[in-house]
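Asker: Sharing start_31.csv here; it has CSV, N, CA and C atoms and all ligand atoms.
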```csv
chain,number,residue,atom,x,y,z
A,218,THR,N,116.8,91.5,102.0
A,218,THR,CA,116.8,90.6,103.1
A,218,THR,C,117.8,91.1,104.2
A,219,ASN,N,117.6,90.7,105.4
A,219,ASN,CA,118.5,91.0,106.5
A,219,ASN,C,119.6,90.0,106.5
A,220,SER,N,120.8,90.5,106.5
A,220,SER,CA,122.0,89.6,106.6
A,220,SER,C,122.6,89.8,108.0
A,221,ALA,N,122.9,88.7,108.7
A,221,ALA,CA,123.6,88.8,110.0
A,221,ALA,C,125.0,88.4,109.8
A,222,ARG,N,125.9,89.2,110.4
A,222,ARG,CA,127.3,88.8,110.5
A,222,ARG,C,127.6,88.2,111.8
A,223,PHE,N,128.6,87.3,111.9
A,223,PHE,CA,128.9,86.6,113.1
A,223,PHE,C,130.3,87.0,113.5
A,224,LEU,N,130.4,87.2,114.8
A,224,LEU,CA,131.7,87.5,115.4
A,224,LEU,C,132.3,86.2,116.1
A,225,PHE,N,133.5,85.9,115.8
A,225,PHE,CA,134.1,84.8,116.5
A,225,PHE,C,135.2,85.4,117.5
A,226,THR,N,135.0,85.1,118.7
A,226,THR,CA,135.9,85.7,119.7
A,226,THR,C,136.4,84.5,120.6
A,227,ILE,N,137.6,84.7,121.1
A,227,ILE,CA,138.2,83.7,122.0
A,227,ILE,C,138.2,84.2,123.4
A,228,ASN,N,137.5,83.6,124.3
A,228,ASN,CA,137.4,84.0,125.7
A,228,ASN,C,138.8,83.8,126.3
A,229,PRO,N,139.5,84.9,126.7
A,229,PRO,CA,140.9,84.8,127.2
A,229,PRO,C,141.0,83.9,128.4
A,230,CYS,N,140.0,83.6,129.2
A,230,CYS,CA,140.1,82.8,130.4
A,230,CYS,C,139.9,81.3,130.0
A,231,THR,N,138.9,81.0,129.3
A,231,THR,CA,138.6,79.6,129.0
A,231,THR,C,139.1,79.1,127.7
A,232,HIS,N,139.6,80.1,126.8
A,232,HIS,CA,140.1,79.7,125.5
A,232,HIS,C,139.0,79.1,124.6
A,233,VAL,N,137.8,79.3,125.0
A,233,VAL,CA,136.7,78.7,124.2
A,233,VAL,C,136.3,79.8,123.2
A,234,VAL,N,136.1,79.3,122.0
A,234,VAL,CA,135.7,80.2,120.9
A,234,VAL,C,134.2,80.4,121.0
A,235,GLN,N,133.8,81.7,121.0
A,235,GLN,CA,132.4,82.1,121.2
A,235,GLN,C,131.9,82.7,119.9
A,236,VAL,N,130.7,82.3,119.5
A,236,VAL,CA,130.1,82.9,118.3
A,236,VAL,C,128.9,83.7,118.7
A,237,LYS,N,128.9,84.9,118.3
A,237,LYS,CA,127.7,85.7,118.5
A,237,LYS,C,127.4,86.6,117.3
A,238,THR,N,126.2,87.0,117.2
A,238,THR,CA,125.9,87.9,116.1
A,238,THR,C,126.3,89.3,116.5
A,239,GLU,N,126.8,90.0,115.5
A,239,GLU,CA,127.2,91.4,115.7
A,239,GLU,C,126.0,92.2,115.9
A,240,SER,N,125.8,92.8,117.0
A,240,SER,CA,124.6,93.5,117.3
A,240,SER,C,124.4,94.7,116.3
A,241,SER,N,125.5,95.3,115.9
A,241,SER,CA,125.3,96.5,115.0
A,241,SER,C,124.8,96.1,113.6
A,242,SER,N,124.7,94.8,113.3
A,242,SER,CA,124.3,94.5,112.0
A,242,SER,C,122.9,93.9,111.9
A,243,VAL,N,122.2,93.9,113.0
A,243,VAL,CA,120.9,93.3,113.1
A,243,VAL,C,119.9,94.3,113.6
A,244,CYS,N,118.7,94.2,112.9
A,244,CYS,CA,117.6,95.0,113.3
A,244,CYS,C,116.5,94.1,113.9
A,245,SER,N,115.7,94.6,114.8
A,245,SER,CA,114.6,93.9,115.4
A,245,SER,C,113.6,93.5,114.2
A,246,THR,N,112.8,92.5,114.5
A,246,THR,CA,111.8,92.0,113.5
A,246,THR,C,110.9,93.2,113.1
A,247,GLY,N,110.8,93.4,111.8
A,247,GLY,CA,109.9,94.4,111.3
A,247,GLY,C,110.7,95.7,111.0
A,248,TRP,N,111.9,95.7,111.4
A,248,TRP,CA,112.8,96.9,111.2
A,248,TRP,C,113.8,96.6,110.1
A,249,PHE,N,114.2,97.5,109.3
A,249,PHE,CA,115.0,97.2,108.1
A,249,PHE,C,116.3,98.1,108.2
A,250,LYS,N,117.4,97.4,108.0
A,250,LYS,CA,118.7,98.1,108.1
A,250,LYS,C,119.0,98.9,106.9
A,251,HIS,N,119.5,100.1,107.2
A,251,HIS,CA,120.1,101.0,106.1
A,251,HIS,C,121.2,101.8,106.7
A,252,GLY,N,122.4,101.7,106.3
A,252,GLY,CA,123.5,102.4,106.9
A,252,GLY,C,123.6,101.9,108.3
A,253,HIS,N,123.7,102.8,109.2
A,253,HIS,CA,123.9,102.5,110.7
A,253,HIS,C,122.5,102.5,111.4
A,254,ARG,N,121.4,102.6,110.6
A,254,ARG,CA,120.1,102.7,111.3
A,254,ARG,C,119.2,101.6,110.9
A,255,CYS,N,118.2,101.4,111.7
A,255,CYS,CA,117.1,100.5,111.4
A,255,CYS,C,115.8,101.3,111.3
A,256,PHE,N,115.0,101.0,110.2
A,256,PHE,CA,113.9,101.8,109.9
A,256,PHE,C,112.6,101.0,109.9
A,257,THR,N,111.5,101.6,110.3
A,257,THR,CA,110.2,100.9,110.1
A,257,THR,C,109.1,101.9,109.7
A,258,TYR,N,108.2,101.4,109.0
A,258,TYR,CA,107.0,102.1,108.5
A,258,TYR,C,105.9,101.9,109.5
A,259,ILE,N,105.2,102.9,110.0
A,259,ILE,CA,104.1,102.8,111.0
A,259,ILE,C,102.8,103.2,110.3
A,260,ARG,N,102.0,102.2,110.0
A,260,ARG,CA,100.8,102.4,109.2
A,260,ARG,C,99.7,103.2,109.9
A,261,THR,N,99.7,103.1,111.2
A,261,THR,CA,98.6,103.8,112.0
A,261,THR,C,98.8,105.3,111.8
A,262,GLU,N,97.7,106.0,111.5
A,262,GLU,CA,97.7,107.5,111.3
A,262,GLU,C,97.6,108.2,112.6
A,263,ARG,N,98.6,109.1,112.8
A,263,ARG,CA,98.6,109.9,114.0
A,263,ARG,C,99.0,111.3,113.6
A,264,THR,N,98.8,112.3,114.6
A,264,THR,CA,99.4,113.6,114.3
A,264,THR,C,100.9,113.5,114.4
A,265,TRP,N,101.6,114.6,113.9
A,265,TRP,CA,103.1,114.5,113.9
A,265,TRP,C,103.6,114.3,115.4
A,266,ALA,N,103.0,115.0,116.3
A,266,ALA,CA,103.5,114.9,117.7
A,266,ALA,C,103.2,113.6,118.3
A,267,GLU,N,102.0,113.0,118.0
A,267,GLU,CA,101.7,111.7,118.5
A,267,GLU,C,102.6,110.6,117.8
A,268,SER,N,102.9,110.8,116.6
A,268,SER,CA,103.8,109.9,115.9
A,268,SER,C,105.2,109.9,116.5
A,269,GLU,N,105.7,111.1,116.8
A,269,GLU,CA,107.0,111.2,117.5
A,269,GLU,C,106.9,110.5,118.9
A,270,GLN,N,105.8,110.8,119.6
A,270,GLN,CA,105.7,110.2,120.9
A,270,GLN,C,105.7,108.7,120.8
A,271,TYR,N,105.0,108.1,119.8
A,271,TYR,CA,104.9,106.7,119.6
A,271,TYR,C,106.3,106.1,119.3
A,272,CYS,N,107.1,106.8,118.5
A,272,CYS,CA,108.4,106.4,118.2
A,272,CYS,C,109.3,106.4,119.5
A,273,VAL,N,109.2,107.5,120.2
A,273,VAL,CA,110.0,107.6,121.4
A,273,VAL,C,109.7,106.5,122.4
A,274,PHE,N,108.4,106.1,122.5
A,274,PHE,CA,107.9,105.0,123.3
A,274,PHE,C,108.7,103.7,122.9
A,275,GLN,N,109.0,103.6,121.7
A,275,GLN,CA,109.7,102.4,121.2
A,275,GLN,C,111.2,102.6,121.2
A,276,GLY,N,111.7,103.7,121.8
A,276,GLY,CA,113.1,104.0,121.8
A,276,GLY,C,113.6,104.5,120.5
A,277,ALA,N,112.7,105.0,119.7
A,277,ALA,CA,113.1,105.5,118.3
A,277,ALA,C,112.7,106.9,118.2
A,278,ASN,N,112.9,107.4,117.0
A,278,ASN,CA,112.5,108.8,116.6
A,278,ASN,C,112.0,108.8,115.2
A,279,LEU,N,111.2,109.8,114.9
A,279,LEU,CA,110.8,110.0,113.5
A,279,LEU,C,112.0,110.1,112.6
A,280,ALA,N,112.0,109.5,111.4
A,280,ALA,CA,113.1,109.4,110.6
A,280,ALA,C,113.6,110.7,110.0
A,281,SER,N,114.8,111.1,110.3
A,281,SER,CA,115.4,112.2,109.6
A,281,SER,C,116.1,111.6,108.4
A,282,ILE,N,116.1,112.4,107.3
A,282,ILE,CA,116.6,112.0,106.0
A,282,ILE,C,117.8,112.8,105.7
A,283,HIS,N,119.0,112.2,105.4
A,283,HIS,CA,120.2,112.9,105.2
A,283,HIS,C,120.7,112.9,103.8
A,284,SER,N,120.1,112.2,102.9
A,284,SER,CA,120.6,112.1,101.5
A,284,SER,C,119.5,111.7,100.6
A,285,THR,N,119.6,112.0,99.3
A,285,THR,CA,118.7,111.5,98.3
A,285,THR,C,118.6,110.0,98.3
A,286,GLU,N,119.7,109.4,98.5
A,286,GLU,CA,119.7,107.9,98.6
A,286,GLU,C,118.9,107.4,99.7
A,287,GLU,N,119.0,108.0,100.9
A,287,GLU,CA,118.1,107.6,102.1
A,287,GLU,C,116.7,107.9,101.8
A,288,ASN,N,116.4,109.0,101.1
A,288,ASN,CA,115.1,109.3,100.7
A,288,ASN,C,114.5,108.2,99.8
A,289,HIS,N,115.2,107.8,98.9
A,289,HIS,CA,114.8,106.7,98.0
A,289,HIS,C,114.6,105.4,98.7
A,290,PHE,N,115.5,105.1,99.6
A,290,PHE,CA,115.3,103.9,100.4
A,290,PHE,C,114.0,103.9,101.2
A,291,ILE,N,113.7,105.0,101.8
A,291,ILE,CA,112.5,105.1,102.6
A,291,ILE,C,111.2,105.1,101.7
A,292,GLN,N,111.3,105.8,100.6
A,292,GLN,CA,110.1,105.7,99.7
A,292,GLN,C,109.9,104.3,99.2
A,293,GLU,N,111.0,103.6,98.9
A,293,GLU,CA,110.9,102.2,98.4
A,293,GLU,C,110.3,101.3,99.5
A,294,MET,N,110.7,101.5,100.7
A,294,MET,CA,110.1,100.7,101.8
A,294,MET,C,108.6,100.9,101.9
A,295,ILE,N,108.2,102.1,101.8
A,295,ILE,CA,106.8,102.5,101.9
A,295,ILE,C,106.1,101.9,100.8
A,296,ARG,N,106.6,102.0,99.6
A,296,ARG,CA,106.0,101.5,98.4
A,296,ARG,C,105.8,100.0,98.5
A,297,ARG,N,106.8,99.3,99.0
A,297,ARG,CA,106.7,97.8,99.1
A,297,ARG,C,105.6,97.4,100.1
A,298,GLN,N,105.4,98.2,101.1
A,298,GLN,CA,104.4,97.8,102.1
A,298,GLN,C,103.0,98.3,101.8
A,299,THR,N,102.9,99.3,101.0
A,299,THR,CA,101.6,99.9,100.8
A,299,THR,C,101.2,99.8,99.3
A,300,HIS,N,102.1,99.5,98.4
A,300,HIS,CA,101.9,99.5,97.0
A,300,HIS,C,101.4,100.8,96.5
A,301,ASP,N,101.9,101.9,97.2
A,301,ASP,CA,101.4,103.2,96.9
A,301,ASP,C,102.5,104.2,97.4
A,302,PHE,N,102.2,105.5,97.3
A,302,PHE,CA,103.1,106.5,97.8
A,302,PHE,C,102.3,107.4,98.7
A,303,PRO,N,101.9,106.9,99.9
A,303,PRO,CA,101.1,107.7,100.8
A,303,PRO,C,102.0,108.8,101.4
A,304,ARG,N,101.3,109.9,101.9
A,304,ARG,CA,102.1,110.9,102.6
A,304,ARG,C,102.4,110.3,104.0
A,305,VAL,N,103.7,110.5,104.4
A,305,VAL,CA,104.1,109.9,105.6
A,305,VAL,C,105.0,110.9,106.4
A,306,TRP,N,104.7,111.0,107.7
A,306,TRP,CA,105.5,111.9,108.6
A,306,TRP,C,106.9,111.5,108.7
A,307,ILE,N,107.8,112.4,108.6
A,307,ILE,CA,109.2,112.2,108.9
A,307,ILE,C,109.7,113.2,110.0
A,308,GLY,N,110.9,113.0,110.5
A,308,GLY,CA,111.4,113.9,111.5
A,308,GLY,C,111.7,115.2,110.9
A,309,GLY,N,111.4,116.3,111.5
A,309,GLY,CA,111.8,117.6,111.0
A,309,GLY,C,110.6,118.6,111.1
A,310,GLN,N,111.0,119.8,111.5
A,310,GLN,CA,110.0,120.9,111.6
A,310,GLN,C,110.7,122.1,111.0
A,311,ASP,N,109.9,122.9,110.4
A,311,ASP,CA,110.5,124.2,109.9
A,311,ASP,C,109.5,125.3,110.3
A,312,PRO,N,110.0,126.5,110.1
A,312,PRO,CA,109.1,127.7,110.4
A,312,PRO,C,107.8,127.6,109.6
A,313,ASP,N,106.7,128.1,110.2
A,313,ASP,CA,105.4,128.2,109.5
A,313,ASP,C,105.6,129.0,108.2
A,314,ASN,N,104.9,128.6,107.1
A,314,ASN,CA,104.9,129.5,106.0
A,314,ASN,C,103.6,129.5,105.3
A,315,ALA,N,102.7,128.6,105.5
A,315,ALA,CA,101.4,128.6,104.8
A,315,ALA,C,100.3,129.0,105.8
A,316,MET,N,100.0,130.3,105.8
A,316,MET,CA,99.0,130.8,106.8
A,316,MET,C,99.5,130.6,108.2
A,317,GLY,N,100.8,130.4,108.4
A,317,GLY,CA,101.3,130.2,109.7
A,317,GLY,C,100.9,128.9,110.4
A,318,ILE,N,100.4,127.9,109.6
A,318,ILE,CA,99.9,126.7,110.3
A,318,ILE,C,100.6,125.4,109.8
A,319,GLU,N,101.6,125.5,108.9
A,319,GLU,CA,102.3,124.3,108.4
A,319,GLU,C,103.7,124.3,108.9
A,320,ASN,N,104.1,123.4,109.8
A,320,ASN,CA,105.5,123.3,110.1
A,320,ASN,C,106.0,121.9,110.4
A,321,CYS,N,105.3,120.9,110.0
A,321,CYS,CA,105.8,119.5,110.2
A,321,CYS,C,106.0,118.9,108.8
A,322,MET,N,107.1,118.0,108.8
A,322,MET,CA,107.5,117.5,107.5
A,322,MET,C,106.9,116.2,107.2
A,323,HIS,N,106.5,116.0,105.9
A,323,HIS,CA,106.2,114.7,105.4
A,323,HIS,C,106.8,114.5,104.0
A,324,ILE,N,106.8,113.2,103.6
A,324,ILE,CA,107.3,112.9,102.2
A,324,ILE,C,106.2,112.5,101.3
A,325,ASN,N,106.5,112.3,100.1
A,325,ASN,CA,105.6,111.8,99.0
A,325,ASN,C,104.5,112.8,98.7
A,326,TYR,N,104.9,114.1,98.6
A,326,TYR,CA,103.9,115.2,98.3
A,326,TYR,C,103.8,115.4,96.8
A,327,GLY,N,102.6,115.3,96.3
A,327,GLY,CA,102.4,115.7,94.9
A,327,GLY,C,103.0,114.7,93.9
A,328,GLU,N,102.9,115.1,92.6
A,328,GLU,CA,103.4,114.2,91.5
A,328,GLU,C,104.9,113.9,91.7
A,329,GLU,N,105.7,114.8,92.2
A,329,GLU,CA,107.1,114.6,92.3
A,329,GLU,C,107.5,113.9,93.6
A,330,LYS,N,106.6,113.6,94.4
A,330,LYS,CA,106.8,112.9,95.7
A,330,LYS,C,107.9,113.6,96.5
A,331,ARG,N,107.7,114.9,96.6
A,331,ARG,CA,108.6,115.8,97.3
A,331,ARG,C,108.3,115.8,98.8
A,332,TRP,N,109.2,116.5,99.6
A,332,TRP,CA,109.0,116.8,101.0
A,332,TRP,C,108.0,118.0,101.0
A,333,ASN,N,107.2,118.1,102.1
A,333,ASN,CA,106.3,119.2,102.2
A,333,ASN,C,106.2,119.5,103.7
A,334,ASP,N,106.0,120.7,104.0
A,334,ASP,CA,105.6,121.1,105.4
A,334,ASP,C,104.0,121.1,105.4
A,335,TYR,N,103.5,120.5,106.5
A,335,TYR,CA,102.0,120.3,106.5
A,335,TYR,C,101.5,120.6,107.9
A,336,VAL,N,100.2,120.6,108.0
A,336,VAL,CA,99.6,121.0,109.3
A,336,VAL,C,99.9,119.8,110.3
A,337,CYS,N,100.5,120.2,111.4
A,337,CYS,CA,101.0,119.2,112.4
A,337,CYS,C,99.9,118.3,113.0
A,338,SER,N,98.7,118.9,113.1
A,338,SER,CA,97.6,118.2,113.7
A,338,SER,C,96.9,117.2,112.8
A,339,ARG,N,97.2,117.3,111.5
A,339,ARG,CA,96.7,116.3,110.6
A,339,ARG,C,97.2,114.9,110.9
A,340,THR,N,96.5,113.8,110.6
A,340,THR,CA,97.0,112.5,110.9
A,340,THR,C,97.5,111.8,109.6
A,341,LEU,N,98.7,111.2,109.7
A,341,LEU,CA,99.4,110.5,108.6
A,341,LEU,C,100.1,109.3,109.2
A,342,PRO,N,100.4,108.3,108.4
A,342,PRO,CA,101.3,107.2,108.8
A,342,PRO,C,102.7,107.9,109.1
A,343,SER,N,103.6,107.1,109.6
A,343,SER,CA,104.9,107.7,110.0
A,343,SER,C,106.0,106.7,109.7
A,344,PHE,N,107.2,107.3,109.8
A,344,PHE,CA,108.4,106.4,109.5
A,344,PHE,C,109.4,106.7,110.6
A,345,SER,N,109.9,105.7,111.3
A,345,SER,CA,110.8,106.0,112.4
A,345,SER,C,112.1,105.1,112.3
A,346,TYR,N,113.1,105.5,113.1
A,346,TYR,CA,114.4,104.8,113.0
A,346,TYR,C,115.0,104.7,114.4
A,347,VAL,N,115.9,103.7,114.5
A,347,VAL,CA,116.7,103.7,115.7
A,347,VAL,C,118.2,103.4,115.2
A,348,PHE,N,119.2,103.9,115.9
A,348,PHE,CA,120.5,103.5,115.5
A,348,PHE,C,120.7,102.0,115.9
A,349,SER,N,121.4,101.3,114.9
A,349,SER,CA,121.5,99.9,115.1
A,349,SER,C,122.8,99.6,115.9
B,1,CA,CA,106.6,125.7,107.0
B,2,CA,CA,103.5,123.1,102.7
```
Write out the structure in this file as structure tokens.
Ligand SMILES: [Ca+2]
Ligand SMILES: [Ca+2]

Answerer:
Amino acid sequence: TNSARFLFTINPCTHVVQVKTESSSVCSTGWFKHGHRCFTYIRTERTWAESEQYCVFQGANLASIHSTEENHFIQEMIRRQTHDFPRVWIGGQDPDNAMGIENCMHINYGEEKRWNDYVCSRTLPSFSYVFS
């Protein structure tokens, strides 16, 4: 669940106590907080470039993953929404290595649900983030 924290501040001019939600602790509807970022799963299948464009249109980016723990959080969010482990685009490109045609990153590859580099023009769901 999303928890909101509240800030109590005293306006120095009016001495009125003001209550507001702390913006850094709240994600927009449909986005889920983890660390300092808000994440969302995007069901519509697009190419990697189209997925990134769609994220940027929302002021977001494809999700970069910085730890095993973040990886598990993202996989769990996807599992809850799909009841499955579909392949999903994440942020990241690497040099081509399979016949020179794979250089975009996705998660949930194979039995071990690993990362994989895949053909960028294939269409997959995607996962994006914004800083909260
Ligand atoms: Ca590659
Ligand atoms: Ca590959």

Asker: Based on DSSP run over this structure's backbone, return all residues of chain A in alpha helix (DSSP H), as a PyMOL selection string.

Answerer: chain A and resi 265-274+285-299

Asker: List all protein, DNA and RNA residues that have any atom at most 10 Å from ligand CA 2 (chain B), counting only C-alpha atoms and all ligand atoms, and write the list as a PDB file with N, CA and C atoms, in the frame of the given file.

Answerer:
```pdb
ATOM      1  N   ASP A 313     106.700 128.100 110.200  1.00  0.00           N
ATOM      2  CA  ASP A 313     105.400 128.200 109.500  1.00  0.00           C
ATOM      3  C   ASP A 313     105.600 129.000 108.200  1.00  0.00           C
ATOM      4  N   ASN A 314     104.900 128.600 107.100  1.00  0.00           N
ATOM      5  CA  ASN A 314     104.900 129.500 106.000  1.00  0.00           C
ATOM      6  C   ASN A 314     103.600 129.500 105.300  1.00  0.00           C
ATOM      7  N   ALA A 315     102.700 128.600 105.500  1.00  0.00           N
ATOM      8  CA  ALA A 315     101.400 128.600 104.800  1.00  0.00           C
ATOM      9  C   ALA A 315     100.300 129.000 105.800  1.00  0.00           C
ATOM     10  N   MET A 316     100.000 130.300 105.800  1.00  0.00           N
ATOM     11  CA  MET A 316      99.000 130.800 106.800  1.00  0.00           C
ATOM     12  C   MET A 316      99.500 130.600 108.200  1.00  0.00           C
ATOM     13  N   ILE A 318     100.400 127.900 109.600  1.00  0.00           N
ATOM     14  CA  ILE A 318      99.900 126.700 110.300  1.00  0.00           C
ATOM     15  C   ILE A 318     100.600 125.400 109.800  1.00  0.00           C
ATOM     16  N   GLU A 319     101.600 125.500 108.900  1.00  0.00           N
ATOM     17  CA  GLU A 319     102.300 124.300 108.400  1.00  0.00           C
ATOM     18  C   GLU A 319     103.700 124.300 108.900  1.00  0.00           C
ATOM     19  N   ASN A 320     104.100 123.400 109.800  1.00  0.00           N
ATOM     20  CA  ASN A 320     105.500 123.300 110.100  1.00  0.00           C
ATOM     21  C   ASN A 320     106.000 121.900 110.400  1.00  0.00           C
ATOM     22  N   CYS A 321     105.300 120.900 110.000  1.00  0.00           N
ATOM     23  CA  CYS A 321     105.800 119.500 110.200  1.00  0.00           C
ATOM     24  C   CYS A 321     106.000 118.900 108.800  1.00  0.00           C
ATOM     25  N   MET A 322     107.100 118.000 108.800  1.00  0.00           N
ATOM     26  CA  MET A 322     107.500 117.500 107.500  1.00  0.00           C
ATOM     27  C   MET A 322     106.900 116.200 107.200  1.00  0.00           C
ATOM     28  N   HIS A 323     106.500 116.000 105.900  1.00  0.00           N
ATOM     29  CA  HIS A 323     106.200 114.700 105.400  1.00  0.00           C
ATOM     30  C   HIS A 323     106.800 114.500 104.000  1.00  0.00           C
ATOM     31  N   TYR A 326     104.900 114.100  98.600  1.00  0.00           N
ATOM     32  CA  TYR A 326     103.900 115.200  98.300  1.00  0.00           C
ATOM     33  C   TYR A 326     103.800 115.400  96.800  1.00  0.00           C
ATOM     34  N   TRP A 332     109.200 116.500  99.600  1.00  0.00           N
ATOM     35  CA  TRP A 332     109.000 116.800 101.000  1.00  0.00           C
ATOM     36  C   TRP A 332     108.000 118.000 101.000  1.00  0.00           C
ATOM     37  N   ASN A 333     107.200 118.100 102.100  1.00  0.00           N
ATOM     38  CA  ASN A 333     106.300 119.200 102.200  1.00  0.00           C
ATOM     39  C   ASN A 333     106.200 119.500 103.700  1.00  0.00           C
ATOM     40  N   ASP A 334     106.000 120.700 104.000  1.00  0.00           N
ATOM     41  CA  ASP A 334     105.600 121.100 105.400  1.00  0.00           C
ATOM     42  C   ASP A 334     104.000 121.100 105.400  1.00  0.00           C
ATOM     43  N   TYR A 335     103.500 120.500 106.500  1.00  0.00           N
ATOM     44  CA  TYR A 335     102.000 120.300 106.500  1.00  0.00           C
ATOM     45  C   TYR A 335     101.500 120.600 107.900  1.00  0.00           C
ATOM     46  N   VAL A 336     100.200 120.600 108.000  1.00  0.00           N
ATOM     47  CA  VAL A 336      99.600 121.000 109.300  1.00  0.00           C
ATOM     48  C   VAL A 336      99.900 119.800 110.300  1.00  0.00           C
TER      49      VAL A 336
END
```

Asker: May I have the residues within 9 Å of A:Pro303 as a PyMOL selection string, using only C-alpha atoms and disregarding those fewer than 3 positions away in the same chain?

Answerer: chain A and resi 295-296+299+324-326+341-342

Asker: Since we have the selection now, will you write its residues out, keeping N, CA and C atoms, as a PDB file, in the frame of the given file?

Answerer:
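Full text of again34.pdb as output:
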```pdb
ATOM      1  N   ILE A 295     108.200 102.100 101.800  1.00  0.00           N
ATOM      2  CA  ILE A 295     106.800 102.500 101.900  1.00  0.00           C
ATOM      3  C   ILE A 295     106.100 101.900 100.800  1.00  0.00           C
ATOM      4  N   ARG A 296     106.600 102.000  99.600  1.00  0.00           N
ATOM      5  CA  ARG A 296     106.000 101.500  98.400  1.00  0.00           C
ATOM      6  C   ARG A 296     105.800 100.000  98.500  1.00  0.00           C
ATOM      7  N   THR A 299     102.900  99.300 101.000  1.00  0.00           N
ATOM      8  CA  THR A 299     101.600  99.900 100.800  1.00  0.00           C
ATOM      9  C   THR A 299     101.200  99.800  99.300  1.00  0.00           C
ATOM     10  N   ILE A 324     106.800 113.200 103.600  1.00  0.00           N
ATOM     11  CA  ILE A 324     107.300 112.900 102.200  1.00  0.00           C
ATOM     12  C   ILE A 324     106.200 112.500 101.300  1.00  0.00           C
ATOM     13  N   ASN A 325     106.500 112.300 100.100  1.00  0.00           N
ATOM     14  CA  ASN A 325     105.600 111.800  99.000  1.00  0.00           C
ATOM     15  C   ASN A 325     104.500 112.800  98.700  1.00  0.00           C
ATOM     16  N   TYR A 326     104.900 114.100  98.600  1.00  0.00           N
ATOM     17  CA  TYR A 326     103.900 115.200  98.300  1.00  0.00           C
ATOM     18  C   TYR A 326     103.800 115.400  96.800  1.00  0.00           C
ATOM     19  N   LEU A 341      98.700 111.200 109.700  1.00  0.00           N
ATOM     20  CA  LEU A 341      99.400 110.500 108.600  1.00  0.00           C
ATOM     21  C   LEU A 341     100.100 109.300 109.200  1.00  0.00           C
ATOM     22  N   PRO A 342     100.400 108.300 108.400  1.00  0.00           N
ATOM     23  CA  PRO A 342     101.300 107.200 108.800  1.00  0.00           C
ATOM     24  C   PRO A 342     102.700 107.900 109.100  1.00  0.00           C
TER      25      PRO A 342
END
```

Asker: Rounded to one decimal place, report the atom C of A:His289-atom C of A:Cys244 distance in Å.

Answerer: 19.0 Å

Asker: For ligand CA 1 (chain B), which residue among A:Trp248, A:Val243, A:Arg304, A:Gly317 is the nearest when counting only C-alpha atoms and all ligand atoms?

Answerer: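 Of the candidates, the smallest distance to ligand CA 1 (chain B) is held by A:Gly317.
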